[in-house]
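Listing of model.cif, mmCIF, C-alpha atoms
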data_entry
#
loop_
_atom_site.label_atom_id
_atom_site.label_comp_id
_atom_site.auth_asym_id
_atom_site.auth_seq_id
_atom_site.Cartn_x
_atom_site.Cartn_y
_atom_site.Cartn_z
CA MET L 1 19.06 -15.58 8.64
CA THR L 2 21.98 -13.25 9.22
CA SER L 3 24.86 -14.49 11.29
CA ALA L 4 23.33 -12.79 14.31
CA ARG L 5 20.14 -14.77 13.99
CA SER L 6 19.85 -17.72 16.34
CA ALA L 7 16.13 -18.46 16.14
CA ARG L 8 12.89 -17.26 14.66
CA PRO L 9 11.35 -15.02 17.34
CA ARG L 10 8.67 -16.75 19.36
CA PRO L 11 5.18 -15.21 19.37
CA ARG L 12 4.38 -12.97 22.31
CA SER L 13 3.56 -14.64 25.59
CA LEU L 14 -0.18 -15.10 25.94
CA GLY L 15 -0.30 -15.13 29.72
CA ALA L 16 -2.20 -17.75 31.72
CA ALA L 17 -5.65 -16.80 30.46
CA GLY L 18 -4.48 -16.38 26.90
CA THR L 19 -2.71 -19.71 26.98
CA ALA L 20 -5.90 -21.42 28.11
CA VAL L 21 -7.88 -19.78 25.32
CA ALA L 22 -5.22 -20.73 22.76
CA ALA L 23 -5.23 -24.29 24.00
CA LEU L 24 -9.01 -24.42 23.69
CA LEU L 25 -8.86 -23.01 20.15
CA LEU L 26 -6.17 -25.46 19.17
CA GLY L 27 -8.25 -28.27 20.60
CA LEU L 28 -11.31 -27.13 18.70
CA ALA L 29 -9.31 -26.91 15.49
CA ALA L 30 -7.48 -30.16 16.00
CA ALA L 31 -10.43 -32.27 17.03
CA PRO L 32 -12.12 -32.49 13.63
CA GLN L 33 -8.73 -32.78 11.96
CA ALA L 34 -7.77 -35.77 14.03
CA ALA L 35 -10.92 -37.53 12.92
CA THR L 36 -9.90 -37.14 9.28
CA ALA L 37 -6.59 -38.88 9.91
CA THR L 38 -8.34 -42.27 9.79
CA PRO L 39 -8.02 -43.61 6.23
CA ALA L 40 -11.24 -43.39 4.23
CA PRO L 41 -12.79 -46.55 2.79
CA PRO L 42 -11.64 -47.44 -0.75
CA GLN L 43 -14.84 -46.25 -2.43
CA ALA L 44 -14.57 -42.86 -0.71
CA ARG L 45 -10.92 -42.50 -1.71
CA THR L 46 -11.82 -43.38 -5.30
CA ALA L 47 -14.61 -40.79 -5.36
CA ALA L 48 -12.33 -38.14 -3.84
CA ALA L 49 -9.59 -38.91 -6.37
CA SER L 50 -12.05 -38.67 -9.25
CA ALA L 51 -13.33 -35.33 -8.02
CA ALA L 52 -9.80 -34.02 -7.58
CA ALA L 53 -8.80 -35.16 -11.06
CA ALA L 54 -11.84 -33.48 -12.56
CA ALA L 55 -10.86 -30.26 -10.83
CA GLY L 56 -7.32 -30.40 -12.21
CA ASP L 57 -5.79 -30.42 -8.74
CA PRO L 58 -1.99 -30.14 -8.86
CA ALA L 59 -1.17 -33.36 -7.01
CA VAL L 60 -3.49 -35.31 -9.30
CA VAL L 61 -2.30 -33.72 -12.55
CA ASN L 62 1.39 -34.12 -11.71
CA GLY L 63 1.32 -37.31 -9.64
CA GLN L 64 4.50 -38.63 -8.07
CA LEU L 65 7.25 -36.04 -8.26
CA THR L 66 10.87 -36.96 -8.77
CA VAL L 67 14.17 -35.12 -9.07
CA CYS L 68 15.46 -35.11 -12.64
CA GLY L 69 18.83 -33.43 -13.00
CA THR L 70 18.52 -30.06 -11.27
CA LYS L 71 14.72 -29.90 -11.61
CA LEU L 72 11.63 -31.22 -9.86
CA CYS L 73 9.68 -33.22 -12.41
CA ASN L 74 6.17 -34.60 -12.58
CA ARG L 75 5.07 -38.11 -13.51
CA HIS L 76 5.39 -37.16 -17.18
CA GLY L 77 9.05 -36.30 -16.70
CA LYS L 78 8.42 -32.57 -17.16
CA PRO L 79 9.95 -29.90 -14.89
CA VAL L 80 7.38 -28.16 -12.72
CA GLN L 81 7.31 -25.28 -10.26
CA LEU L 82 5.16 -25.67 -7.16
CA ARG L 83 3.94 -22.57 -5.31
CA GLY L 84 2.33 -22.52 -1.90
CA MET L 85 2.34 -21.62 1.76
CA SER L 86 3.96 -22.81 4.96
CA SER L 87 2.02 -23.11 8.16
CA HIS L 88 3.41 -21.39 11.22
CA GLY L 89 4.32 -23.69 14.11
CA THR L 90 1.40 -26.05 14.67
CA GLN L 91 1.89 -25.78 18.44
CA TRP L 92 0.93 -22.09 18.23
CA TYR L 93 -1.32 -21.69 15.19
CA GLY L 94 -3.23 -24.92 14.73
CA GLN L 95 -6.41 -22.83 14.86
CA CYS L 96 -5.41 -21.28 11.52
CA LEU L 97 -5.48 -24.69 9.81
CA THR L 98 -9.18 -25.47 9.54
CA GLY L 99 -11.36 -27.03 6.88
CA GLY L 100 -12.33 -23.55 5.73
CA SER L 101 -8.83 -22.12 5.61
CA LEU L 102 -7.44 -25.16 3.78
CA ASP L 103 -10.35 -25.03 1.31
CA ALA L 104 -9.43 -21.40 0.64
CA LEU L 105 -5.74 -22.21 0.24
CA ALA L 106 -6.49 -24.94 -2.29
CA LYS L 107 -9.35 -23.36 -4.23
CA ASP L 108 -9.26 -19.58 -3.72
CA TRP L 109 -5.48 -19.19 -3.52
CA LYS L 110 -4.98 -22.12 -5.94
CA ALA L 111 -1.95 -23.30 -3.98
CA ASP L 112 -0.07 -26.38 -5.12
CA VAL L 113 1.58 -27.22 -1.81
CA LEU L 114 1.18 -26.85 1.95
CA ARG L 115 4.25 -27.01 4.18
CA VAL L 116 3.31 -28.46 7.57
CA SER L 117 5.79 -27.04 10.08
CA THR L 118 6.24 -29.32 13.07
CA TYR L 119 8.59 -27.48 15.40
CA VAL L 120 10.78 -29.83 17.39
CA GLN L 121 11.61 -27.50 20.27
CA GLU L 122 9.85 -24.28 21.39
CA GLY L 123 6.89 -26.14 22.84
CA GLY L 124 6.57 -28.45 19.86
CA TYR L 125 7.20 -32.12 19.11
CA GLU L 126 9.56 -32.88 22.00
CA THR L 127 6.90 -31.85 24.53
CA ASP L 128 4.29 -34.30 23.20
CA PRO L 129 5.44 -36.48 20.28
CA ARG L 130 2.09 -38.27 19.99
CA LYS L 131 0.07 -35.06 19.78
CA TYR L 132 2.21 -33.40 17.13
CA THR L 133 2.68 -36.54 15.06
CA ASP L 134 -1.09 -37.04 15.01
CA LEU L 135 -1.59 -33.40 14.03
CA ALA L 136 0.87 -33.85 11.15
CA HIS L 137 -1.02 -36.99 10.06
CA SER L 138 -4.28 -35.07 10.07
CA LEU L 139 -2.96 -32.12 8.08
CA ILE L 140 -1.38 -34.45 5.52
CA GLU L 141 -4.75 -36.15 5.03
CA GLN L 142 -6.59 -32.84 4.74
CA ALA L 143 -4.16 -31.38 2.21
CA THR L 144 -4.27 -34.62 0.24
CA ALA L 145 -8.06 -34.53 0.12
CA ARG L 146 -7.79 -31.05 -1.42
CA GLY L 147 -5.38 -32.12 -4.15
CA MET L 148 -2.30 -30.38 -2.76
CA TYR L 149 1.23 -31.58 -2.22
CA VAL L 150 2.50 -31.64 1.36
CA ILE L 151 5.97 -30.82 2.64
CA VAL L 152 6.43 -32.56 5.97
CA ASP L 153 8.72 -30.02 7.63
CA TRP L 154 10.85 -31.14 10.60
CA HIS L 155 11.23 -27.60 11.91
CA MET L 156 14.47 -27.88 13.85
CA LEU L 157 15.86 -24.43 14.55
CA ASP L 158 17.57 -24.14 17.92
CA PRO L 159 19.85 -26.07 18.60
CA GLY L 160 21.15 -25.60 15.08
CA ASP L 161 22.89 -28.98 14.86
CA PRO L 162 20.37 -31.42 13.34
CA HIS L 163 22.12 -34.33 15.07
CA HIS L 164 20.64 -33.05 18.34
CA ASN L 165 17.26 -34.32 17.13
CA LEU L 166 18.38 -37.31 15.04
CA ALA L 167 16.72 -39.96 17.22
CA ARG L 168 13.48 -37.97 17.36
CA ALA L 169 13.60 -37.41 13.59
CA LYS L 170 14.02 -41.13 12.94
CA THR L 171 10.97 -41.89 15.09
CA PHE L 172 8.85 -39.14 13.51
CA PHE L 173 9.70 -39.82 9.88
CA THR L 174 9.44 -43.59 10.27
CA GLU L 175 5.81 -43.22 11.36
CA ILE L 176 4.97 -40.53 8.81
CA ALA L 177 6.45 -42.52 5.92
CA GLN L 178 4.87 -45.75 7.16
CA ARG L 179 1.41 -44.17 7.21
CA HIS L 180 1.65 -42.06 4.05
CA GLY L 181 4.32 -43.75 1.93
CA ALA L 182 1.75 -44.99 -0.59
CA LYS L 183 0.67 -41.42 -1.34
CA THR L 184 2.19 -39.61 -4.30
CA ASN L 185 1.95 -36.06 -2.92
CA LEU L 186 4.53 -35.99 -0.11
CA LEU L 187 7.94 -34.38 0.20
CA TYR L 188 10.02 -34.80 3.36
CA GLU L 189 11.97 -31.77 4.65
CA ILE L 190 14.33 -33.29 7.17
CA ALA L 191 16.06 -30.26 8.72
CA ASN L 192 14.52 -26.81 8.52
CA GLU L 193 17.43 -24.46 9.24
CA PRO L 194 20.73 -25.90 10.42
CA SER L 195 23.10 -23.30 11.84
CA GLY L 196 26.43 -23.09 13.57
CA VAL L 197 27.63 -26.39 12.10
CA ALA L 198 29.74 -27.38 9.11
CA TRP L 199 28.16 -28.75 5.94
CA SER L 200 29.81 -32.10 6.67
CA ARG L 201 27.77 -32.36 9.87
CA ILE L 202 24.50 -31.67 8.04
CA LYS L 203 25.45 -34.12 5.30
CA SER L 204 26.14 -36.91 7.80
CA TYR L 205 22.74 -36.29 9.41
CA ALA L 206 21.00 -36.55 6.04
CA GLU L 207 22.85 -39.73 5.14
CA GLN L 208 21.60 -41.34 8.33
CA LEU L 209 18.01 -40.14 8.01
CA VAL L 210 17.30 -40.58 4.30
CA PRO L 211 17.59 -44.40 4.48
CA VAL L 212 15.06 -44.41 7.34
CA ILE L 213 12.53 -42.66 5.11
CA ARG L 214 13.42 -44.75 2.06
CA ALA L 215 12.71 -47.94 4.01
CA LYS L 216 9.05 -46.88 4.14
CA ASP L 217 8.72 -44.55 1.13
CA ALA L 218 11.08 -45.26 -1.74
CA GLU L 219 9.81 -42.60 -4.13
CA ALA L 220 9.10 -39.25 -2.45
CA PRO L 221 11.70 -36.49 -2.80
CA VAL L 222 13.66 -35.65 0.35
CA LEU L 223 14.59 -32.01 0.99
CA VAL L 224 17.89 -31.42 2.79
CA GLY L 225 18.57 -28.22 4.73
CA THR L 226 21.78 -26.31 4.00
CA ARG L 227 24.25 -24.47 6.18
CA ALA L 228 23.55 -21.18 7.93
CA TRP L 229 19.75 -21.24 8.17
CA SER L 230 19.41 -22.91 4.77
CA SER L 231 21.27 -20.16 2.94
CA PHE L 232 23.86 -22.48 1.32
CA GLY L 233 26.20 -21.01 3.92
CA VAL L 234 25.98 -17.37 2.83
CA SER L 235 24.90 -16.21 6.30
CA GLU L 236 28.09 -17.74 7.71
CA GLY L 237 30.48 -16.63 4.98
CA ALA L 238 30.27 -19.67 2.67
CA ASN L 239 28.43 -20.48 -0.55
CA GLU L 240 26.97 -23.31 -2.60
CA SER L 241 30.37 -24.65 -3.66
CA GLU L 242 30.77 -26.78 -0.53
CA VAL L 243 27.56 -28.68 -1.36
CA VAL L 244 28.48 -28.98 -5.04
CA ALA L 245 31.85 -30.45 -4.07
CA ASN L 246 30.46 -32.79 -1.42
CA PRO L 247 26.80 -33.67 -2.11
CA VAL L 248 24.68 -35.97 0.03
CA ARG L 249 25.11 -39.59 -1.04
CA ALA L 250 21.48 -40.27 -1.88
CA SER L 251 19.24 -40.05 -4.90
CA ASN L 252 16.00 -38.14 -5.44
CA ILE L 253 16.94 -35.33 -3.05
CA MET L 254 16.87 -31.55 -3.23
CA TYR L 255 18.61 -28.86 -1.20
CA THR L 256 16.69 -26.10 0.51
CA PHE L 257 17.26 -22.36 0.38
CA HIS L 258 15.53 -19.74 2.54
CA PHE L 259 15.52 -15.98 2.05
CA TYR L 260 13.86 -12.88 3.46
CA ALA L 261 13.96 -10.24 0.78
CA TYR L 262 14.36 -7.10 2.93
CA SER L 263 17.47 -8.57 4.59
CA HIS L 264 18.88 -10.89 1.92
CA ARG L 265 20.06 -8.95 -1.07
CA ASP L 266 22.11 -9.64 -4.18
CA GLU L 267 24.65 -11.98 -2.58
CA TYR L 268 21.83 -14.34 -1.61
CA LEU L 269 20.01 -13.94 -4.91
CA ASN L 270 23.18 -14.70 -6.85
CA THR L 271 23.91 -17.72 -4.68
CA LEU L 272 20.44 -19.11 -5.35
CA SER L 273 20.96 -18.63 -9.08
CA LEU L 274 24.37 -20.32 -9.09
CA ALA L 275 23.21 -23.17 -6.87
CA ALA L 276 20.15 -23.89 -9.03
CA ASP L 277 22.38 -24.30 -12.09
CA LYS L 278 24.30 -27.11 -10.38
CA LEU L 279 21.97 -28.61 -7.78
CA PRO L 280 18.25 -29.38 -7.40
CA VAL L 281 16.95 -26.57 -5.15
CA PHE L 282 13.60 -26.01 -3.44
CA VAL L 283 12.91 -22.70 -1.66
CA THR L 284 10.90 -24.08 1.24
CA GLU L 285 10.63 -20.77 3.07
CA PHE L 286 10.81 -17.11 2.16
CA GLY L 287 9.33 -13.79 3.14
CA THR L 288 9.06 -10.29 1.78
CA GLN L 289 10.24 -8.83 5.09
CA ASN L 290 13.42 -9.00 7.17
CA TYR L 291 14.99 -12.26 8.35
CA ALA L 292 12.67 -12.42 11.37
CA GLY L 293 9.61 -12.33 9.13
CA GLU L 294 8.63 -8.87 10.34
CA GLY L 295 9.01 -5.21 9.47
CA ALA L 296 8.50 -3.52 6.12
CA ASP L 297 7.82 -5.50 2.96
CA ASP L 298 10.28 -5.26 0.09
CA PHE L 299 8.10 -6.36 -2.79
CA ALA L 300 10.56 -5.17 -5.45
CA MET L 301 13.37 -7.40 -4.18
CA SER L 302 10.91 -10.22 -3.61
CA GLN L 303 9.79 -9.99 -7.22
CA ARG L 304 13.39 -10.29 -8.39
CA TYR L 305 13.59 -13.59 -6.51
CA LEU L 306 10.26 -14.77 -7.92
CA ASP L 307 11.33 -13.88 -11.47
CA LEU L 308 14.52 -15.91 -11.03
CA MET L 309 12.63 -18.86 -9.56
CA ALA L 310 10.11 -18.79 -12.40
CA ALA L 311 12.86 -18.71 -15.01
CA LYS L 312 14.68 -21.67 -13.43
CA LYS L 313 11.60 -23.65 -12.33
CA ILE L 314 12.51 -23.40 -8.64
CA SER L 315 9.54 -24.34 -6.47
CA TRP L 316 8.75 -22.12 -3.50
CA VAL L 317 6.76 -21.82 -0.30
CA ASN L 318 6.02 -18.57 1.51
CA TRP L 319 6.18 -18.01 5.28
CA ASN L 320 3.46 -18.08 6.69
CA PHE L 321 -0.24 -19.06 6.68
CA SER L 322 -1.28 -17.67 10.08
CA ASP L 323 -2.47 -14.52 11.84
CA ASP L 324 0.68 -13.94 13.88
CA HIS L 325 1.21 -10.25 14.64
CA ARG L 326 4.28 -10.05 12.40
CA SER L 327 3.96 -8.66 8.89
CA GLY L 328 5.02 -12.00 7.38
CA ALA L 329 1.86 -13.75 8.56
CA VAL L 330 -0.69 -13.39 5.77
CA PHE L 331 -3.85 -12.92 7.86
CA ARG L 332 -4.72 -9.96 10.04
CA THR L 333 -4.47 -10.67 13.75
CA GLY L 334 -7.67 -12.24 15.06
CA THR L 335 -8.70 -13.84 11.76
CA CYS L 336 -8.09 -17.39 12.97
CA ALA L 337 -9.92 -16.90 16.28
CA ASN L 338 -12.87 -15.55 14.30
CA ASN L 339 -12.70 -18.50 11.85
CA GLY L 340 -12.08 -16.26 8.86
CA PRO L 341 -13.02 -14.86 6.47
CA TRP L 342 -10.62 -17.10 4.58
CA THR L 343 -11.40 -16.31 0.94
CA GLY L 344 -10.75 -13.07 -0.91
CA THR L 345 -8.45 -10.36 0.42
CA SER L 346 -10.40 -8.57 3.16
CA ALA L 347 -8.61 -10.41 5.99
CA LEU L 348 -5.15 -10.27 4.43
CA LYS L 349 -2.19 -8.08 5.35
CA PRO L 350 -0.30 -6.44 2.45
CA ALA L 351 2.11 -9.38 2.22
CA GLY L 352 -0.84 -11.76 2.13
CA LYS L 353 -2.47 -9.93 -0.77
CA TRP L 354 0.80 -9.81 -2.66
CA ILE L 355 1.66 -13.48 -2.25
CA ARG L 356 -1.89 -14.70 -2.91
CA ASP L 357 -1.83 -12.97 -6.30
CA ARG L 358 1.41 -14.73 -7.19
CA ILE L 359 0.34 -18.16 -6.01
CA ARG L 360 -2.80 -17.89 -8.12
CA THR L 361 -0.74 -17.52 -11.34
CA ALA L 362 0.22 -21.19 -11.41
CA ASP L 363 2.68 -23.16 -13.49
CA ASP L 364 1.14 -24.72 -16.60
CA PHE L 365 2.17 -28.23 -15.42
CA PRO L 366 3.09 -29.78 -18.78
CA THR L 367 1.84 -33.33 -19.30
CA SER L 368 3.27 -34.10 -22.73
#

Could the structure of this file be written out as structure tokens, please?
Amino acid sequence: MTSARSARPRPRSLGAAGTAVAALLLGLAAAPQAATATPAPPQARTAAASAAAAAGDPAVVNGQLTVCGTKLCNRHGKPVQLRGMSSHGTQWYGQCLTGGSLDALAKDWKADVLRVSTYVQEGGYETDPRKYTDLAHSLIEQATARGMYVIVDWHMLDPGDPHHNLARAKTFFTEIAQRHGAKTNLLYEIANEPSGVAWSRIKSYAEQLVPVIRAKDAEAPVLVGTRAWSSFGVSEGANESEVVANPVRASNIMYTFHFYAYSHRDEYLNTLSLAADKLPVFVTEFGTQNYAGEGADDFAMSQRYLDLMAAKKISWVNWNFSDDHRSGAVFRTGTCANNGPWTGTSALKPAGKWIRDRIRTADDFPTS
């Protein structure tokens, strides 16, 4: 997310044979998921909800989240901190999002939230809107069944102006909110990482899109990307003050911040701290590596961020729950093709082991 960064690097080309294999794997992974997208009968939903409540699942304990002041609060009006994982692009790594891997994320990792990253370009949504909308539906249903919150991530990246995809975003979020608006475990992230545009441009996008979501889902928090790859403008020489002075004209919203600890040092950390004192902030993506999600891990700097976020109840999601070759992907390469192992630490890279440990030490989720 430095000023030189224009896009998250795409995974290596698979070649013709590799592409066919990947397509087959994605099909195998997506097929059972698609079947779960059909709403269950009322008695099944009641049984699933009862089981989730008995297990103390985060989305059941906390219920409908809402923004209260600068915090994210549960149905009891108490500030909470969610911790979880982001998928990689579903067009590349759908095979990493299986029943087994999501079971492990919910029960072994004890994650509160799954971020479903629907890339718009780079072979994603714009190539087949029906396919990737249905995949998002399916993953929302599967995360819901496991008692997790879901961030529906509109992963626009390049072009960096969110207006480029405004019409597509309206179509996508209208259907998502129509289908899932009655759920109490959704958050809508409407622009992953805007770049190369002024805050006023991002704000105008949000003010056009938020009402589209609100028409179908009046209660779920909406997460708004910030300037310069969601750095509150730091990567382009600005800071949080422009958002503080000119906030989005909408209620129940939060602003997103992304960091990669090896690259983003004290200036970014201080900006996050200052922003969180004045604005509701959700860290919807971070890594322990450099801004491309690769290279050496800086666990010491990462822990400084996590300590700050714990102190200020800033929810966070780590990048990413896949077996991409980069160090920021938690699973060793080949894990998803082999269908695990998903639980424990044997299949995890160092960053995966480190972040799993920290997700497992959950917030206490106050209820009174």

request  = Determine, counting all atoms listed in the file, which protein, DNA and RNA residues have an atom within 10 Å of an atom of Pro247 (chain L); residues of the same chain fewer than 2 positions away are not included. Present the result as a list in words.
outcome  =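 Using all atoms listed in the file, the neighbours found are Trp199, Ser200, Lys203, Ser241, Glu242, Val243, Val244, Ala245, Arg249, Ala250, Tyr255 and Leu279 of chain L.
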
ask   = Counting only C-alpha atoms, what is within 9 Å of region 232-236 of chain L, bar same-chain residues fewer than 4 positions away, as a list in words?
value =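 Everything that qualifies: Met1, Thr2, Ser3, Ala4, Ser195, Gly196, Ala198, Trp199, Gly225, Thr226, Arg227, Ala228, Glu240, Ser241, Glu242, Val243, Tyr255, Thr256, Phe257, His258, Glu267, Tyr268, Thr271, Leu272 and Ala275 of chain L.
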
For this structure, which residues satisfy the selection - the PyMOL selection byres ((chain L and resi 160-170) around 8) - when it is evaluated on the file as given? I want them as a PDB file with C-alpha atoms, in the frame of the given file.
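Dumped to expr-v8.pdb:
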ATOM      1  CA  VAL L 120      10.780 -29.830  17.390  1.00  0.00           C
ATOM      2  CA  GLU L 126       9.560 -32.880  22.000  1.00  0.00           C
ATOM      3  CA  TRP L 154      10.850 -31.140  10.600  1.00  0.00           C
ATOM      4  CA  MET L 156      14.470 -27.880  13.850  1.00  0.00           C
ATOM      5  CA  LEU L 157      15.860 -24.430  14.550  1.00  0.00           C
ATOM      6  CA  ASP L 158      17.570 -24.140  17.920  1.00  0.00           C
ATOM      7  CA  PRO L 159      19.850 -26.070  18.600  1.00  0.00           C
ATOM      8  CA  THR L 171      10.970 -41.890  15.090  1.00  0.00           C
ATOM      9  CA  PHE L 172       8.850 -39.140  13.510  1.00  0.00           C
ATOM     10  CA  PHE L 173       9.700 -39.820   9.880  1.00  0.00           C
ATOM     11  CA  THR L 174       9.440 -43.590  10.270  1.00  0.00           C
ATOM     12  CA  ILE L 190      14.330 -33.290   7.170  1.00  0.00           C
ATOM     13  CA  ALA L 191      16.060 -30.260   8.720  1.00  0.00           C
ATOM     14  CA  GLU L 193      17.430 -24.460   9.240  1.00  0.00           C
ATOM     15  CA  PRO L 194      20.730 -25.900  10.420  1.00  0.00           C
ATOM     16  CA  SER L 195      23.100 -23.300  11.840  1.00  0.00           C
ATOM     17  CA  GLY L 196      26.430 -23.090  13.570  1.00  0.00           C
ATOM     18  CA  VAL L 197      27.630 -26.390  12.100  1.00  0.00           C
ATOM     19  CA  ARG L 201      27.770 -32.360   9.870  1.00  0.00           C
ATOM     20  CA  ILE L 202      24.500 -31.670   8.040  1.00  0.00           C
ATOM     21  CA  TYR L 205      22.740 -36.290   9.410  1.00  0.00           C
ATOM     22  CA  LEU L 209      18.010 -40.140   8.010  1.00  0.00           C
ATOM     23  CA  VAL L 212      15.060 -44.410   7.340  1.00  0.00           C
TER      24      VAL L 212
END

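Take the candidates L:Lys131, L:His137, L:Tyr149, L:Arg360 and check each one against Gly344 (chain L) using all atoms listed in the file; the shortest distance goes to L:Arg360.
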
query = Evaluating the PyMOL selection byres ((chain L and resi 101) around 10) on the displayed file yields which residues, as number ranges by chain?
reply = L: 95-100, 102-108, 321-322, 336, 339-343

inquiry  = Need the shell around region 56-63 of chain L: protein/DNA/RNA residues with any atom at most 12 Å away, counting all atoms listed in the file. Skip same-chain ones fewer than 6 positions apart. Format as a PyMOL selection string?
reply    = chain L and resi 48-50+72-84+106-107+110-114+143-150+182-187+219-220+362-368

Coordinates-based distance that separates CA of Val210 (chain L) from CA of Val248 (chain L) (Å, one decimal) = 9.7 Å

request  = Point out the residue among L:Pro350, L:Pro221, L:Gly89, L:Pro211 with the least atom-to-atom distance to Val330 (chain L), counting all atoms listed in the file.
outcome  = L:Pro350

ask   = Which distance in Å separates CA of Asp307 (chain L) and CA of Ile359 (chain L), to one decimal?
value = 13.0 Å

ask   = With all atoms listed in the file as the atoms that count, which of L:Glu207, L:Asp277, L:Asp357, L:Glu294 lies nearest to Ser251 (chain L)?
value = L:Glu207

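Pairwise distance (CA of Ala276 (chain L), CA of Arg304 (chain L)) equals 15.2 Å.
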
inquiry  = So, with only C-alpha atoms as the atoms that count, which of L:Gln303, L:Asn192, L:Thr133, L:Gln91 lies closest to Arg115 (chain L)?
reply    = L:Asn192

Among listed residues L:Asn320, L:Leu348, L:Leu65, L:Tyr125, nearest Thr333 (chain L) (using all atoms listed in the file) =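 Ranked by minimum distance to Thr333 (chain L), first place goes to L:Leu348.
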
Box along x, y and z, 5 Å on every side, all listed atoms of region 130-143 of chain L inside: centre and edge lengths in Å to one decimal, as JSON.
{"center_x": -2.0, "center_y": -34.8, "center_z": 11.1, "size_x": 19.3, "size_y": 16.9, "size_z": 27.8}

ask   = Between L:Asp153, L:Asp298, L:Trp109, L:Met85, which has the minimum distance to Thr361 (chain L) (counting all atoms listed in the file)?
value =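 Using all atoms listed in the file, Thr361 (chain L) sits closest to L:Trp109.
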
Can you translate the PyMOL selection byres ((chain L and resi 283) around 7) into the concrete residues it hits in this file, as an mmCIF file with C-alpha atoms, keeping the file's coordinate frame?
data_model
loop_
_atom_site.group_PDB
_atom_site.id
_atom_site.type_symbol
_atom_site.label_atom_id
_atom_site.label_comp_id
_atom_site.auth_asym_id
_atom_site.auth_seq_id
_atom_site.Cartn_x
_atom_site.Cartn_y
_atom_site.Cartn_z
ATOM 1 C CA THR L 256 16.690 -26.100 0.510
ATOM 2 C CA PHE L 257 17.260 -22.360 0.380
ATOM 3 C CA HIS L 258 15.530 -19.740 2.540
ATOM 4 C CA VAL L 281 16.950 -26.570 -5.150
ATOM 5 C CA PHE L 282 13.600 -26.010 -3.440
ATOM 6 C CA THR L 284 10.900 -24.080 1.240
ATOM 7 C CA GLU L 285 10.630 -20.770 3.070
ATOM 8 C CA SER L 315 9.540 -24.340 -6.470
ATOM 9 C CA TRP L 316 8.750 -22.120 -3.500
ATOM 10 C CA VAL L 317 6.760 -21.820 -0.300
#

Restrict the output to region 200-212 of chain L and N, CA and C atoms, then write it as a PDB file, in the first residue's frame.
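Contents of the output file decode_3.pdb:
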ATOM      1  N   SER L 200     -13.053  13.031  -1.569  1.00  0.00           N
ATOM      2  CA  SER L 200     -14.375  13.485  -1.994  1.00  0.00           C
ATOM      3  C   SER L 200     -14.986  12.543  -3.024  1.00  0.00           C
ATOM      4  N   ARG L 201     -14.165  11.952  -3.847  1.00  0.00           N
ATOM      5  CA  ARG L 201     -14.637  11.001  -4.861  1.00  0.00           C
ATOM      6  C   ARG L 201     -15.118   9.701  -4.197  1.00  0.00           C
ATOM      7  N   ILE L 202     -14.379   9.224  -3.221  1.00  0.00           N
ATOM      8  CA  ILE L 202     -14.772   8.013  -2.497  1.00  0.00           C
ATOM      9  C   ILE L 202     -16.052   8.271  -1.706  1.00  0.00           C
ATOM     10  N   LYS L 203     -16.132   9.424  -1.082  1.00  0.00           N
ATOM     11  CA  LYS L 203     -17.309   9.806  -0.299  1.00  0.00           C
ATOM     12  C   LYS L 203     -18.556   9.846  -1.182  1.00  0.00           C
ATOM     13  N   SER L 204     -18.437  10.426  -2.369  1.00  0.00           N
ATOM     14  CA  SER L 204     -19.610  10.509  -3.243  1.00  0.00           C
ATOM     15  C   SER L 204     -20.060   9.128  -3.694  1.00  0.00           C
ATOM     16  N   TYR L 205     -19.118   8.217  -3.905  1.00  0.00           N
ATOM     17  CA  TYR L 205     -19.453   6.824  -4.236  1.00  0.00           C
ATOM     18  C   TYR L 205     -20.245   6.196  -3.086  1.00  0.00           C
ATOM     19  N   ALA L 206     -19.739   6.343  -1.875  1.00  0.00           N
ATOM     20  CA  ALA L 206     -20.406   5.753  -0.715  1.00  0.00           C
ATOM     21  C   ALA L 206     -21.807   6.313  -0.547  1.00  0.00           C
ATOM     22  N   GLU L 207     -21.971   7.602  -0.766  1.00  0.00           N
ATOM     23  CA  GLU L 207     -23.275   8.223  -0.560  1.00  0.00           C
ATOM     24  C   GLU L 207     -24.291   7.835  -1.630  1.00  0.00           C
ATOM     25  N   GLN L 208     -23.806   7.290  -2.740  1.00  0.00           N
ATOM     26  CA  GLN L 208     -24.716   6.733  -3.733  1.00  0.00           C
ATOM     27  C   GLN L 208     -25.026   5.263  -3.475  1.00  0.00           C
ATOM     28  N   LEU L 209     -24.065   4.540  -2.892  1.00  0.00           N
ATOM     29  CA  LEU L 209     -24.244   3.099  -2.723  1.00  0.00           C
ATOM     30  C   LEU L 209     -24.922   2.731  -1.403  1.00  0.00           C
ATOM     31  N   VAL L 210     -24.626   3.447  -0.339  1.00  0.00           N
ATOM     32  CA  VAL L 210     -25.220   3.106   0.951  1.00  0.00           C
ATOM     33  C   VAL L 210     -26.751   3.081   0.891  1.00  0.00           C
ATOM     34  N   PRO L 211     -27.412   4.055   0.259  1.00  0.00           N
ATOM     35  CA  PRO L 211     -28.877   3.981   0.193  1.00  0.00           C
ATOM     36  C   PRO L 211     -29.398   2.754  -0.556  1.00  0.00           C
ATOM     37  N   VAL L 212     -28.636   2.247  -1.513  1.00  0.00           N
ATOM     38  CA  VAL L 212     -29.023   1.039  -2.242  1.00  0.00           C
ATOM     39  C   VAL L 212     -29.071  -0.152  -1.288  1.00  0.00           C
TER      40      VAL L 212
END
